[in-house]
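*Asks:* Here you go, my_file_12.cif (mmCIF, C-alpha atoms and all ligand atoms):
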data_query
loop_
_atom_site.label_atom_id
_atom_site.label_comp_id
_atom_site.auth_asym_id
_atom_site.auth_seq_id
_atom_site.Cartn_x
_atom_site.Cartn_y
_atom_site.Cartn_z
CA MET U 191 1.95 51.75 41.45
CA LYS U 192 -0.27 48.94 42.78
CA LYS U 193 -3.14 50.35 40.72
CA ILE U 194 -1.06 50.38 37.54
CA PHE U 195 -0.02 46.78 38.16
CA LYS U 196 -3.67 45.76 38.69
CA LEU U 197 -4.66 47.47 35.46
CA LEU U 198 -1.89 45.68 33.63
CA VAL U 199 -3.09 42.33 34.92
CA ILE U 200 -6.63 43.11 33.79
CA CYS U 201 -5.40 44.22 30.36
CA MET U 202 -3.29 41.09 30.02
CA SER U 203 -6.18 38.84 30.90
CA PHE U 204 -8.27 40.59 28.26
CA ILE U 205 -5.55 40.01 25.72
CA PHE U 206 -5.26 36.37 26.72
CA ALA U 207 -8.99 35.98 26.73
CA PHE U 208 -9.23 37.36 23.21
CA THR U 209 -6.32 35.45 21.79
CA GLY U 210 -7.65 32.40 23.60
CA CYS U 211 -11.05 32.77 21.95
CA GLY U 212 -9.42 33.38 18.61
CA LYS U 213 -7.51 30.17 18.91
CA GLU U 214 -10.49 28.16 20.01
CA LYS U 215 -12.50 29.38 17.08
CA GLN U 216 -9.73 28.47 14.73
CA SER U 217 -9.37 24.95 16.05
CA GLY U 218 -13.16 24.64 15.97
CA GLU U 219 -13.10 25.44 12.28
CA ASN U 220 -10.31 22.97 11.67
CA PHE U 221 -12.25 20.33 13.52
CA ALA U 222 -15.25 20.81 11.24
CA GLU U 223 -13.05 20.71 8.15
CA GLU U 224 -11.18 17.65 9.25
CA LYS U 225 -14.00 15.24 9.91
CA ILE U 226 -12.61 11.78 9.48
CA TYR U 227 -15.30 9.37 8.31
CA LYS U 228 -15.17 5.90 9.78
CA ILE U 229 -15.71 3.29 7.10
CA ALA U 230 -16.22 -0.32 8.11
CA THR U 231 -15.32 -3.21 5.85
CA ASP U 232 -15.10 -6.97 5.64
CA THR U 233 -12.02 -9.08 6.32
CA THR U 234 -10.77 -11.13 3.37
CA TYR U 235 -13.25 -10.55 0.57
CA ALA U 236 -11.16 -10.52 -2.58
CA PRO U 237 -11.10 -8.86 -5.04
CA PHE U 238 -12.89 -6.16 -3.01
CA GLU U 239 -10.87 -6.04 0.22
CA PHE U 240 -7.93 -8.22 1.15
CA GLU U 241 -4.30 -8.04 2.23
CA ASN U 242 -1.69 -8.26 -0.50
CA ASP U 243 1.70 -9.98 -0.11
CA LYS U 244 3.07 -6.87 1.58
CA GLY U 245 0.31 -6.90 4.18
CA GLU U 246 -1.40 -3.85 2.66
CA LEU U 247 -5.15 -3.62 2.54
CA VAL U 248 -6.05 -3.52 -1.15
CA GLY U 249 -8.93 -4.39 -3.46
CA ILE U 250 -11.55 -2.75 -5.64
CA ASP U 251 -13.47 -1.31 -2.67
CA MET U 252 -10.33 0.10 -1.06
CA GLU U 253 -9.12 1.73 -4.28
CA LEU U 254 -12.50 3.14 -5.19
CA LEU U 255 -12.83 4.64 -1.72
CA LYS U 256 -9.34 6.13 -1.92
CA GLU U 257 -9.95 7.72 -5.32
CA ILE U 258 -13.45 8.91 -4.42
CA ALA U 259 -12.16 10.53 -1.21
CA ALA U 260 -9.36 12.22 -3.15
CA ASP U 261 -11.82 13.41 -5.80
CA GLN U 262 -14.26 14.79 -3.23
CA GLY U 263 -11.70 15.93 -0.66
CA PHE U 264 -12.79 14.03 2.43
CA LYS U 265 -10.79 12.09 5.00
CA TYR U 266 -11.59 8.61 6.22
CA GLU U 267 -10.24 5.68 8.14
CA VAL U 268 -11.02 2.06 7.36
CA ASN U 269 -11.97 -0.40 10.08
CA VAL U 270 -11.58 -4.03 9.03
CA VAL U 271 -14.12 -5.77 11.22
CA GLY U 272 -15.91 -8.44 9.15
CA PHE U 273 -19.26 -8.08 7.42
CA ALA U 274 -21.72 -8.77 10.26
CA ALA U 275 -19.65 -6.57 12.59
CA ALA U 276 -19.63 -3.81 9.96
CA LEU U 277 -23.45 -3.84 9.94
CA THR U 278 -23.47 -3.62 13.74
CA ALA U 279 -20.92 -0.80 13.69
CA LEU U 280 -23.09 1.15 11.26
CA GLU U 281 -26.23 0.57 13.29
CA THR U 282 -24.63 1.60 16.58
CA GLY U 283 -23.05 4.71 15.07
CA GLU U 284 -19.50 3.42 15.41
CA ALA U 285 -19.16 3.56 11.64
CA ASP U 286 -20.35 6.27 9.24
CA GLY U 287 -20.45 3.99 6.23
CA ILE U 288 -19.79 0.49 4.91
CA ILE U 289 -17.94 -0.55 1.81
CA ALA U 290 -17.70 -4.33 1.76
CA GLY U 291 -18.90 -5.86 -1.49
CA MET U 292 -22.36 -5.16 -0.11
CA SER U 293 -25.34 -6.07 -2.29
CA ILE U 294 -28.06 -3.52 -2.83
CA THR U 295 -31.18 -5.44 -1.82
CA GLU U 296 -34.77 -4.40 -1.11
CA PRO U 297 -34.69 -5.21 2.63
CA ARG U 298 -31.43 -3.29 2.97
CA LYS U 299 -32.83 -0.27 1.18
CA GLU U 300 -35.43 0.02 3.94
CA LYS U 301 -32.75 0.24 6.59
CA TYR U 302 -29.83 1.90 4.86
CA ASP U 303 -29.28 4.51 2.18
CA MET U 304 -27.21 2.90 -0.53
CA SER U 305 -25.09 4.51 -3.22
CA SER U 306 -25.30 4.17 -6.96
CA PRO U 307 -24.27 0.67 -8.03
CA TYR U 308 -20.57 0.11 -8.63
CA PHE U 309 -20.24 -3.61 -9.42
CA ASP U 310 -22.35 -6.47 -10.78
CA THR U 311 -23.08 -9.37 -8.44
CA GLY U 312 -25.37 -12.29 -7.66
CA VAL U 313 -25.44 -15.48 -5.63
CA THR U 314 -24.02 -18.85 -6.60
CA ILE U 315 -22.60 -21.92 -4.87
CA GLY U 316 -19.16 -23.44 -4.60
CA VAL U 317 -18.75 -27.23 -4.32
CA ARG U 318 -15.96 -29.80 -4.54
CA ALA U 319 -15.40 -31.07 -8.06
CA ASP U 320 -15.80 -34.66 -6.80
CA SER U 321 -19.10 -33.90 -5.02
CA GLY U 322 -21.31 -34.59 -8.03
CA ILE U 323 -23.50 -31.63 -7.00
CA LYS U 324 -24.98 -29.98 -10.07
CA SER U 325 -28.09 -28.24 -8.76
CA PHE U 326 -29.80 -27.03 -5.58
CA GLU U 327 -31.79 -30.31 -5.71
CA ASP U 328 -28.54 -32.21 -5.07
CA LEU U 329 -28.19 -30.41 -1.72
CA ARG U 330 -31.13 -32.32 -0.21
CA GLY U 331 -30.32 -33.77 3.22
CA LYS U 332 -26.92 -32.04 3.28
CA LYS U 333 -25.27 -29.31 5.33
CA VAL U 334 -24.32 -26.17 3.46
CA ALA U 335 -22.32 -23.09 4.50
CA GLY U 336 -23.32 -19.42 4.59
CA LYS U 337 -21.75 -16.27 6.00
CA VAL U 338 -23.58 -14.42 8.78
CA GLY U 339 -25.59 -11.39 7.71
CA THR U 340 -24.98 -11.77 3.98
CA ALA U 341 -27.41 -11.61 1.09
CA ALA U 342 -26.12 -15.02 -0.07
CA CYS U 343 -26.92 -16.59 3.30
CA ARG U 344 -30.34 -14.98 3.29
CA PHE U 345 -30.97 -16.48 -0.15
CA ALA U 346 -29.86 -19.90 1.13
CA GLU U 347 -32.33 -19.56 4.00
CA SER U 348 -35.12 -18.68 1.59
CA ILE U 349 -34.71 -21.95 -0.35
CA SER U 350 -33.53 -24.26 2.46
CA GLU U 351 -36.95 -25.72 3.13
CA LYS U 352 -37.75 -26.27 -0.51
CA TYR U 353 -34.48 -28.13 -1.14
CA GLY U 354 -34.19 -29.69 2.31
CA PHE U 355 -30.72 -28.61 3.41
CA GLU U 356 -29.34 -27.28 6.67
CA ILE U 357 -27.24 -24.12 6.95
CA VAL U 358 -24.07 -23.80 9.00
CA GLN U 359 -23.00 -20.19 9.51
CA PHE U 360 -19.51 -18.73 9.33
CA GLU U 361 -18.11 -15.30 10.19
CA GLU U 362 -15.63 -15.17 7.32
CA SER U 363 -15.74 -16.23 3.70
CA SER U 364 -12.25 -17.77 3.81
CA THR U 365 -13.10 -20.21 6.62
CA MET U 366 -16.41 -20.98 4.95
CA PHE U 367 -14.64 -21.89 1.68
CA GLN U 368 -12.19 -24.14 3.49
CA ASP U 369 -15.01 -25.94 5.24
CA VAL U 370 -16.32 -27.02 1.85
CA VAL U 371 -12.83 -27.97 0.64
CA TYR U 372 -12.44 -30.19 3.73
CA GLY U 373 -15.78 -31.80 2.97
CA ASN U 374 -17.54 -30.77 6.19
CA THR U 375 -20.23 -28.86 4.35
CA ALA U 376 -21.36 -29.81 0.85
CA ALA U 377 -21.57 -26.30 -0.62
CA CYS U 378 -21.15 -22.64 0.25
CA PHE U 379 -23.47 -19.85 -0.82
CA GLU U 380 -21.46 -16.82 -1.93
CA ASP U 381 -21.42 -14.00 -4.49
CA TYR U 382 -20.09 -15.12 -7.85
CA PRO U 383 -17.42 -12.40 -8.31
CA VAL U 384 -15.84 -13.33 -4.96
CA LEU U 385 -16.07 -17.09 -5.36
CA GLY U 386 -14.88 -16.84 -8.97
CA TYR U 387 -11.91 -14.71 -7.97
CA GLU U 388 -10.87 -17.14 -5.23
CA ILE U 389 -11.16 -20.08 -7.64
CA SER U 390 -8.93 -18.16 -10.04
CA ARG U 391 -6.39 -17.82 -7.21
CA GLY U 392 -6.37 -21.55 -6.56
CA LEU U 393 -9.30 -22.28 -4.26
CA ASP U 394 -10.09 -25.91 -4.96
CA LEU U 395 -13.83 -25.61 -5.60
CA ILE U 396 -16.01 -25.32 -8.68
CA ILE U 397 -19.18 -23.45 -9.47
CA PRO U 398 -21.46 -26.18 -10.82
CA PHE U 399 -23.92 -24.13 -12.86
CA GLU U 400 -24.08 -20.90 -14.77
CA GLU U 401 -27.24 -19.29 -13.45
CA VAL U 402 -26.86 -16.54 -10.92
CA ALA U 403 -29.53 -16.10 -8.24
CA GLU U 404 -30.67 -12.70 -6.93
CA PRO U 405 -28.70 -10.65 -9.47
CA THR U 406 -27.96 -7.15 -8.20
CA PHE U 407 -25.09 -4.72 -7.65
CA TYR U 408 -22.73 -3.69 -4.91
CA GLY U 409 -23.16 -0.30 -3.27
CA PHE U 410 -21.77 1.82 -0.45
CA ALA U 411 -24.09 2.11 2.58
CA VAL U 412 -24.86 4.66 5.27
CA MET U 413 -27.59 4.48 7.90
CA LYS U 414 -30.96 5.66 6.56
CA GLY U 415 -31.30 9.43 6.85
CA GLU U 416 -27.76 9.87 8.22
CA ASN U 417 -24.48 10.90 6.65
CA LYS U 418 -26.22 12.19 3.56
CA GLU U 419 -23.21 14.39 2.72
CA LEU U 420 -20.97 11.31 2.72
CA LEU U 421 -23.33 9.36 0.47
CA ASP U 422 -23.61 12.33 -1.91
CA MET U 423 -19.83 12.64 -2.08
CA PHE U 424 -19.52 8.91 -2.75
CA ASN U 425 -22.02 9.12 -5.61
CA LYS U 426 -20.45 12.22 -7.12
CA GLY U 427 -16.95 10.81 -6.80
CA LEU U 428 -17.99 7.50 -8.34
CA ALA U 429 -19.58 9.29 -11.29
CA ASN U 430 -16.38 11.30 -11.77
CA LEU U 431 -14.21 8.16 -11.67
CA LYS U 432 -16.46 6.52 -14.22
CA ALA U 433 -16.16 9.58 -16.45
CA ASN U 434 -12.40 10.05 -16.14
CA GLY U 435 -11.43 6.40 -16.69
CA LYS U 436 -10.13 5.73 -13.15
CA TYR U 437 -12.99 3.36 -12.39
CA ASP U 438 -12.08 1.18 -15.40
CA GLU U 439 -8.42 1.33 -14.47
CA ILE U 440 -9.18 -0.07 -11.01
CA ILE U 441 -11.50 -2.80 -12.27
CA ASN U 442 -9.02 -3.80 -14.97
CA ARG U 443 -6.20 -4.01 -12.49
CA TYR U 444 -8.08 -6.52 -10.37
CA ILE U 445 -10.17 -8.41 -12.89
CA LYS U 446 -9.95 -7.98 -16.60
CA ASN U 447 -6.17 -7.97 -16.69
CA ASN U 448 -6.00 -10.87 -14.27
CA PHE U 449 -5.21 -13.69 -16.62
CA GLY U 450 -5.83 -16.48 -14.15
CA TYR U 451 -9.27 -15.15 -13.47
CA LEU U 452 -10.21 -15.58 -17.11
CA LYS U 453 -8.34 -18.83 -17.70
CA ARG U 454 -9.45 -20.81 -14.69
CA GLY U 455 -12.77 -19.13 -14.12
CA ALA U 456 -15.87 -21.11 -14.89
CA VAL U 457 -18.17 -20.05 -17.71
CA PHE U 458 -20.22 -18.03 -15.26
CA LEU U 459 -17.48 -15.42 -15.10
CA GLN U 460 -18.72 -14.15 -18.42
CA HIS U 461 -21.40 -12.44 -16.31
CA LEU U 462 -18.75 -9.90 -15.46
CA PHE U 463 -18.06 -8.81 -19.01
N1 LIG T 501 -21.68 -9.73 -0.30
C1 LIG T 501 -22.12 -9.69 1.06
C2 LIG T 501 -23.54 -9.13 1.10
O1 LIG T 501 -23.89 -8.30 0.31
C3 LIG T 501 -21.23 -8.85 1.93
C4 LIG T 501 -19.94 -9.51 2.27
O2 LIG T 501 -19.88 -10.70 2.45
N2 LIG T 501 -18.90 -8.74 2.41
O3 LIG T 501 -24.31 -9.48 1.94
#
What is this structure when it is put down as structure tokens?
Ligand code: ASN

*Replies:*
Amino acid sequence: MKKIFKLLVICMSFIFAFTGCGKEKQSGENFAEEKIYKIATDTTYAPFEFENDKGELVGIDMELLKEIAADQGFKYEVNVVGFAAALTALETGEADGIIAGMSITEPRKEKYDMSSPYFDTGVTIGVRADSGIKSFEDLRGKKVAGKVGTAACRFAESISEKYGFEIVQFEESSTMFQDVVYGNTAACFEDYPVLGYEISRGLDLIIPFEEVAEPTFYGFAVMKGENKELLDMFNKGLANLKANGKYDEIINRYIKNNFGYLKRGAVFLQHLF
């Protein structure tokens, strides 16, 4: 009797062991299927990422990402950390990718793999209408504002000696804009689609000239040589959205159909069309 009981216990443990393994394998497979990509983004950077009246995170970047993920069948979570922090998160492996109105630039291409372009951009300045500033030359001897880690700030640095101005750095575009409105800094260096959009929403600044410096495009970024599958899916998804009209739908919703943007926007906004 004892022997039979012993045998039973052994048999049971075999059964458990097998079912156990089976289960583990299954959850292992699920785990591989359900990779959730961590995507870092900026704080308020309208019309690309910002909170709407209902407190929802919206914008061109957010909608493109959503549609691309649906098209390609991947899962993701968005971490709203600010631009400089997003770069750090990518570099330390805390983020798999960045979508944040991020310019495709030569120095960045050495460090990151960037997607196909998805939006036109370039650098301009915002000043108070009563400042009388009409050119970079008028910034001589003044303090100007730039946002940490951005292409616009890098451009400001590259011409600061030539035009004799000092740069004060900010973490967020919104506080940088307000600093110019308050008259602490004489101008802010920012991308024209973002500055133009904010002006269309009532930001009390003007863009004093039409030329755009460092014209380029926005792209999605992953660390060089890493997350290739994610970058490939982004590119494929973007191409599909461009082909099936969803890309235009998103852009139109935020820009072309935004009356204020066209009405109030300075002449330079024609760069977008
Ligand atoms: N447009 C900035 C850049 O490309 C990024 C940002 O401010 N979100 O550097």

*Asks:* Using all atoms listed in the file, find each residue in range 341-425 of chain U having at least one atom no more than 10 Å away from range 251-262 of chain U; report its shortest atom-to-atom pair and that distance in Å (one decimal), rows by chain then rising number, as a Markdown table.

*Replies:*
| residue | atom | partner | partner_atom | distance |
| --- | --- | --- | --- | --- |
| U:Tyr408 | CA | U:Asp251 | CA | 9.8 |
| U:Gly409 | CA | U:Asp251 | CA | 9.8 |
| U:Phe410 | CA | U:Asp251 | CA | 9.1 |
| U:Leu420 | CA | U:Gln262 | CA | 9.6 |
| U:Asp422 | CA | U:Gln262 | CA | 9.8 |
| U:Met423 | CA | U:Gln262 | CA | 6.1 |
| U:Phe424 | CA | U:Ile258 | CA | 6.3 |
| U:Asn425 | CA | U:Ile258 | CA | 8.7 |

*Asks:* Output C-alpha atoms for every residue in that selection, as a PDB file, in the frame of the given file.

*Replies:*
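The resulting file, selection33.pdb, is reproduced below:
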ATOM      1  CA  TYR U 408     -22.730  -3.690  -4.910  1.00  0.00           C
ATOM      2  CA  GLY U 409     -23.160  -0.300  -3.270  1.00  0.00           C
ATOM      3  CA  PHE U 410     -21.770   1.820  -0.450  1.00  0.00           C
ATOM      4  CA  LEU U 420     -20.970  11.310   2.720  1.00  0.00           C
ATOM      5  CA  ASP U 422     -23.610  12.330  -1.910  1.00  0.00           C
ATOM      6  CA  MET U 423     -19.830  12.640  -2.080  1.00  0.00           C
ATOM      7  CA  PHE U 424     -19.520   8.910  -2.750  1.00  0.00           C
ATOM      8  CA  ASN U 425     -22.020   9.120  -5.610  1.00  0.00           C
TER       9      ASN U 425
END

*Asks:* Identify the residues within 7 Å of coordinate (-20.3, -10.6, 10.3) (same frame as the file), considering all atoms listed in the file, and give the answer as a PDB file with C-alpha atoms, keeping the file's coordinate frame.

*Replies:*
ATOM      1  CA  GLY U 272     -15.910  -8.440   9.150  1.00  0.00           C
ATOM      2  CA  PHE U 273     -19.260  -8.080   7.420  1.00  0.00           C
ATOM      3  CA  ALA U 274     -21.720  -8.770  10.260  1.00  0.00           C
ATOM      4  CA  ALA U 275     -19.650  -6.570  12.590  1.00  0.00           C
ATOM      5  CA  ALA U 276     -19.630  -3.810   9.960  1.00  0.00           C
ATOM      6  CA  VAL U 338     -23.580 -14.420   8.780  1.00  0.00           C
ATOM      7  CA  GLY U 339     -25.590 -11.390   7.710  1.00  0.00           C
ATOM      8  CA  GLU U 361     -18.110 -15.300  10.190  1.00  0.00           C
TER       9      GLU U 361
END

*Asks:* Take CA of Gly392 in chain U and CA of Ala290 in chain U and report the distance between them in Å, one decimal.

*Replies:*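 Value for the CA of Gly392 in chain U-CA of Ala290 in chain U distance: 22.2 Å.
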
*Asks:* Residues near Asp310 in chain U, anyone? I mean within 8 Å using only C-alpha atoms, not counting same-chain ones fewer than 4 positions away, as an MDAnalysis selection string.

*Replies:* chainID U and resid 405:408 462

*Asks:* To one decimal in Å, tell me the separation between CA of Ala285 in chain U and CA of Lys228 in chain U.

*Replies:*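 Pair CA of Ala285 in chain U / CA of Lys228 in chain U returns 5.0 Å.
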
*Asks:* Can I get range 425-438 of chain U with N, CA, C and O atoms filled in, as a compact mmCIF listing (two decimals), in the frame of the given file?

*Replies:*
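As a result, result-v3.txt now contains:
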# COMPACT_ATOMS: atom_id res chain seq x y z
N ASN U 425 -21.36 9.19 -4.30
CA ASN U 425 -22.02 9.12 -5.61
C ASN U 425 -21.37 10.05 -6.63
O ASN U 425 -21.14 9.66 -7.78
N LYS U 426 -21.07 11.26 -6.19
CA LYS U 426 -20.45 12.22 -7.12
C LYS U 426 -19.06 11.74 -7.52
O LYS U 426 -18.69 11.79 -8.69
N GLY U 427 -18.31 11.29 -6.53
CA GLY U 427 -16.95 10.81 -6.80
C GLY U 427 -16.96 9.61 -7.73
O GLY U 427 -16.17 9.52 -8.67
N LEU U 428 -17.88 8.70 -7.49
CA LEU U 428 -17.99 7.50 -8.34
C LEU U 428 -18.29 7.89 -9.78
O LEU U 428 -17.68 7.38 -10.72
N ALA U 429 -19.23 8.82 -9.94
CA ALA U 429 -19.58 9.29 -11.29
C ALA U 429 -18.36 9.91 -11.96
O ALA U 429 -18.10 9.67 -13.15
N ASN U 430 -17.58 10.69 -11.19
CA ASN U 430 -16.38 11.30 -11.77
C ASN U 430 -15.35 10.25 -12.18
O ASN U 430 -14.75 10.35 -13.24
N LEU U 431 -15.18 9.21 -11.33
CA LEU U 431 -14.21 8.16 -11.67
C LEU U 431 -14.65 7.38 -12.90
O LEU U 431 -13.83 6.93 -13.69
N LYS U 432 -15.96 7.22 -13.04
CA LYS U 432 -16.46 6.52 -14.22
C LYS U 432 -16.20 7.36 -15.46
O LYS U 432 -15.87 6.85 -16.52
N ALA U 433 -16.35 8.68 -15.31
CA ALA U 433 -16.16 9.58 -16.45
C ALA U 433 -14.69 9.76 -16.82
O ALA U 433 -14.35 9.85 -17.99
N ASN U 434 -13.80 9.77 -15.81
CA ASN U 434 -12.40 10.05 -16.14
C ASN U 434 -11.54 8.80 -16.36
O ASN U 434 -10.32 8.89 -16.50
N GLY U 435 -12.16 7.63 -16.36
CA GLY U 435 -11.43 6.40 -16.69
C GLY U 435 -10.79 5.71 -15.50
O GLY U 435 -10.28 4.59 -15.62
N LYS U 436 -10.80 6.36 -14.31
CA LYS U 436 -10.13 5.73 -13.15
C LYS U 436 -10.88 4.50 -12.67
O LYS U 436 -10.26 3.55 -12.18
N TYR U 437 -12.19 4.52 -12.81
CA TYR U 437 -12.99 3.36 -12.39
C TYR U 437 -12.56 2.13 -13.21
O TYR U 437 -12.26 1.08 -12.65
N ASP U 438 -12.48 2.30 -14.53
CA ASP U 438 -12.08 1.18 -15.40
C ASP U 438 -10.67 0.70 -15.08
O ASP U 438 -10.41 -0.49 -15.09
